[in-house]
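*Asks:* Mind having a look at this structure? Questions to follow.
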Protein chains: 2
Amino acid sequence: MSVQRLAVIGLGLIGGSFARAVRKAGAVREVVGYDADPARVAAALELGVATVAAASLEEAVREADVVLLSVPVLQTREVLSQLASYLRPDAILTDVGSTKVSVEQDVAAVFGALPARFVGGHPVAGNEKSGVEASFAELFQGRRCILTPHAHQDPAALATVRGLWEAAGSLVCEMSAEHHDEVLAATSHLPHVLAFALVDFLNTLDSRKEIFAYAAGGFRDFTRIASSSPKMWQDITRANRSAVLGALDGYLGELHKLRDAITQDDGPAILEIYTRARDARERYLELVERPAAAKKP
Amino acid sequence: MSVQRLAVIGLGLIGGSFARAVRKAGAVREVVGYDADPARVAAALELGVATVAAASLEEAVREADVVLLSVPVLQTREVLSQLASYLRPDAILTDVGSTKVSVEQDVAAVFGALPARFVGGHPVAGNEKSGVEASFAELFQGRRCILTPHAHQDPAALATVRGLWEAAGSLVCEMSAEHHDEVLAATSHLPHVLAFALVDFLNTLDSRKEIFAYAAGGFRDFTRIASSSPKMWQDITRANRSAVLGALDGYLGELHKLRDAITQDDGPAILEIYTRARDARERYLELVERPAAAKKP
């Protein structure tokens with residue numbers, strides 16, 4: 001299976017790394033790169049991320065067999081409405097948005113309904129870096145990519161998108177957009193919310209200088225995701241608002257239980273929570289670590 | 001400066017690594033190892049962590065110039081009361097407890113007051129591993145060690161303990177026990193509480209299997225400290241209860257502010273918190289990373 005012409009709309013870490021990966025695997029002949037920022041298009045061409053630079057959305061998608069949308073989730077509707085009329089009728093449209101219900105809503109709003117050849121996707125990868133300059137072909141190696149087929153899904157389109165992610169080294173799995181948003185709210189969106197809140201809180205303390213200076217390894221790991229793009233995470237938080245709030249409220253309930261145990265100096269209750277958590281993490285560590293074997297470049 | 005005979009009471013990751021480090025640096029001639037668990041004493045001898053194995057606390061401390069207490073903080077008082085009568089009058093007593101006010105209280109309770117030759121200490125190092133088998137001489141390289149001199153501190157004892165930690169590669173600094181407990185509650189104890197609570201919460205969800213399976217790199221880093229010893233962290237949480245609760249309540253206030261912003265879909269407020277956090281972490285990253293240069297073996 002080989003795609004003649006892939007259009008990547010939005011040249012950041014994910015779009016750039018996908019372009020590099022599928023070309024390196026020989027799964028795509030040409031990559032047309034487009035970004036609202038012309039400097040990024042130039043950089044993508046210079047870095048060899050794209051083989052063709054497009055000066056407009058029309059130019060980018062007009063002859064594309066597959067169009068990969070890799071823009072901030074909250075820009076999905078606007079960008080789609082600008083390129084929809086230029087899409088080839090047989091073109092496959094897919095995306096990499098970190099939230100999938102909101103993307104389905106945007107796609108349906110622009111096309112009237114979810115097109116059979118639209119395939120929702122989300123590579124569970126990436127790090128706190130961003131920008132096409134940070135892109136690399138191995139980003140998706142051994143990492144999961146979640147595809148969210150819908151009721152009117154064209155199986156051939158789904159197979160093509162799956163093939164591209166597998167060529168990029170991803171472990172592809174499928175689930176509904178709704179389920180995806182719940183799972184990701186818990187594993188990714190909630191931790192980001194908690195980490196941003198923690199660092200912002202510590203930064204309000206008088207002794208913040210020492211606090212950061214005396215922080216040990218665990219703290220660095222714990223707050224690493226607080227170095228992620230604020231704009232991107234604002235978008236994700238808003239786009240997946242109800243699932244994020246659901247996860248946050250569940251977590252707050254747990255945290256208050258633990259707070260009560262600490263207030264009452266209830267050793268056994270504290271130990272029970274800590275032990276359950278440690279055991280759960282250990283038990284699932286293999287599941288978590290296996291797909292991450294080739295995490296970083 | 002060289003110490004003739006160091007007694008290490010409690011042969012775990014910290015006590016074992018300290019023994020390895022100071023001997024490697026030639027700052028200590030003999031290391032007498034003692035642990036309530038004879039198997040650990042045997043292991044320490046076999047691993048070369050200790051040069052002499054002690055069968056009892058009396059045997060361990062009787063001829064020691066410096067006694068390093070490296071037991072769980074909540075065992076401090078009991079262990080001290082058992083060894084106090086065997087200490088040489090000129091012996092220096094120091095510890096590695098993660099909380100310092102509780103240790104000062106325990107020492108004062110056993111000796112009637114804080115002895116001039118007691119020096120409170122806390123190496124801000126260690127990882128989620130534990131046990132003497134995991135010990136290594138480089139654990140403290142470039143990491144901070146906080147000493148908490150008290151009102152009746154003997155300067156010579158303080159200088160000796162400082163010298164040993166510097167020989168082990170630590171960046172030594174001094175502050176009061178009270179201030180130490182506040183700073184550590186924020187940077188270390190609170191993050192552990194949050195991580196244990198998060199993993200325990202996720203483990204209650206129906207989709208926990210997927211949740212752990214689809215977790216990305218950020219999640220692994222974020223929850224790594226939830227693989228720490230539950231018993232040890234129960235002790236630390238209880239020993240530093242008031243400072244931990246203070247930090248937890250401050251954090252809960254911040255988290256509720258963020259929750260309100262998300263509930264009201266207040267983009268600017270969300271972005272402001274995320275940006276402040278990202279900037280704060282970036283600004284202090286150098287401070288955080290520098291002492292950690294030689295973090296892991």
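Ligands are numbered from 1 in the order shown, residues from 1 within each chain, and chains are lettered A, B, ... in the order they appear in the structure tokens.
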Got a sec: who's within 7 Å of range 94-98 of chain B, counting only C-alpha atoms, leaving out chain neighbours fewer than 5 positions off, as a VMD selection string?

*Replies:* chain B and resid 67 to 70 73 118 to 123 236

*Asks:* State, in Å with one decimal place, the distance from CA of Met232 in chain B to CA of Leu252 in chain A.

*Replies:*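 CA of Leu252 in chain A lies 23.9 Å from CA of Met232 in chain B.
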
*Asks:* Of the candidates A:Ala27, A:Ile211, A:Leu11, A:Ala60, which one gets nearest to Trp165 in chain A if we count only C-alpha atoms?

*Replies:*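 Closest to Trp165 in chain A of all the choices is A:Ala27.
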
*Asks:* For each of A:Phe18, A:Glu104, A:Ile92, A:Ile273, take the minimum atom-to-atom distance to Gln141 in chain A, counting only C-alpha atoms, then give the residue where this is smallest.

*Replies:*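 Distance minimum relative to Gln141 in chain A lands on A:Phe18.
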
*Asks:* Would you mind writing down, as JSON, numbers by chain, each residue of range 18-174 of chain B that DSSP on the backbone assigns to alpha helix (DSSP H)?

*Replies:* {"B": [18, 19, 20, 21, 22, 23, 24, 38, 39, 40, 41, 42, 43, 44, 45, 46, 57, 58, 59, 60, 61, 76, 77, 78, 79, 80, 81, 82, 83, 101, 102, 103, 104, 105, 106, 107, 108, 109, 110, 111, 155, 156, 157, 158, 159, 160, 161, 162, 163, 164, 165, 166, 167]}

*Asks:* Among range 90-291 of chain A, which residues does DSSP mark as strand (DSSP E) when it is run on the backbone? Keep the chain and numbering as in the structure and answer as number ranges by chain.

*Replies:* A: 92-95, 118-123, 144-148, 171-174

*Asks:* Name all residues at most 10 Å from Arg40 in chain A (count only C-alpha atoms; drop same-chain ones fewer than 2 positions away) and give them as a list in words.

*Replies:*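 Here the answer would be Gly10, Leu11, Gly12, Gly33, Tyr34, Asp35, Ala36, Asp37, Pro38, Ala42, Ala43, Ala44, Leu45, Glu46, Ala53, Gly131, Val132 and Glu133 of chain A.
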
*Asks:* With N, CA and C atoms retained, export the selected residues as a short mmCIF file (atom, residue, chain, number, x, y, z; two decimals), in the first residue's frame.

*Replies:*
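File produced: out-v1.cif:
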data_model
loop_
_atom_site.label_atom_id
_atom_site.label_comp_id
_atom_site.auth_asym_id
_atom_site.auth_seq_id
_atom_site.Cartn_x
_atom_site.Cartn_y
_atom_site.Cartn_z
N GLY A 10 -0.71 21.89 8.86
CA GLY A 10 -0.26 22.19 10.23
C GLY A 10 1.06 21.50 10.47
N LEU A 11 2.16 22.25 10.38
CA LEU A 11 3.49 21.65 10.44
C LEU A 11 4.10 21.83 11.83
N GLY A 12 3.70 20.97 12.75
CA GLY A 12 4.26 21.00 14.10
C GLY A 12 5.00 19.71 14.38
N GLY A 33 3.33 20.20 2.23
CA GLY A 33 3.23 20.81 3.55
C GLY A 33 2.57 22.17 3.50
N TYR A 34 1.62 22.38 4.42
CA TYR A 34 1.02 23.71 4.52
C TYR A 34 0.90 24.10 6.00
N ASP A 35 1.12 25.38 6.25
CA ASP A 35 0.93 25.92 7.58
C ASP A 35 0.53 27.39 7.43
N ALA A 36 -0.30 27.87 8.36
CA ALA A 36 -0.72 29.28 8.29
C ALA A 36 0.50 30.19 8.39
N ASP A 37 1.57 29.67 9.01
CA ASP A 37 2.81 30.43 9.15
C ASP A 37 3.78 30.02 8.04
N PRO A 38 4.01 30.91 7.05
CA PRO A 38 4.87 30.57 5.91
C PRO A 38 6.29 30.16 6.35
N ALA A 42 8.48 26.92 5.02
CA ALA A 42 9.86 27.00 4.52
C ALA A 42 10.76 26.06 5.33
N ALA A 43 10.57 26.06 6.64
CA ALA A 43 11.39 25.20 7.50
C ALA A 43 11.15 23.73 7.18
N ALA A 44 9.88 23.37 6.96
CA ALA A 44 9.53 21.98 6.66
C ALA A 44 10.20 21.51 5.36
N LEU A 45 10.22 22.41 4.39
CA LEU A 45 10.84 22.09 3.11
C LEU A 45 12.35 21.92 3.30
N GLU A 46 12.93 22.86 4.05
CA GLU A 46 14.37 22.85 4.27
C GLU A 46 14.80 21.61 5.07
N ALA A 53 6.09 22.52 -1.02
CA ALA A 53 5.54 23.55 -0.14
C ALA A 53 4.28 24.12 -0.78
N GLY A 131 6.80 22.14 17.61
CA GLY A 131 7.40 22.76 16.45
C GLY A 131 8.00 21.75 15.49
N VAL A 132 7.96 22.08 14.19
CA VAL A 132 8.46 21.17 13.16
C VAL A 132 9.96 20.88 13.36
N GLU A 133 10.68 21.83 13.96
CA GLU A 133 12.12 21.63 14.18
C GLU A 133 12.36 20.46 15.13
#
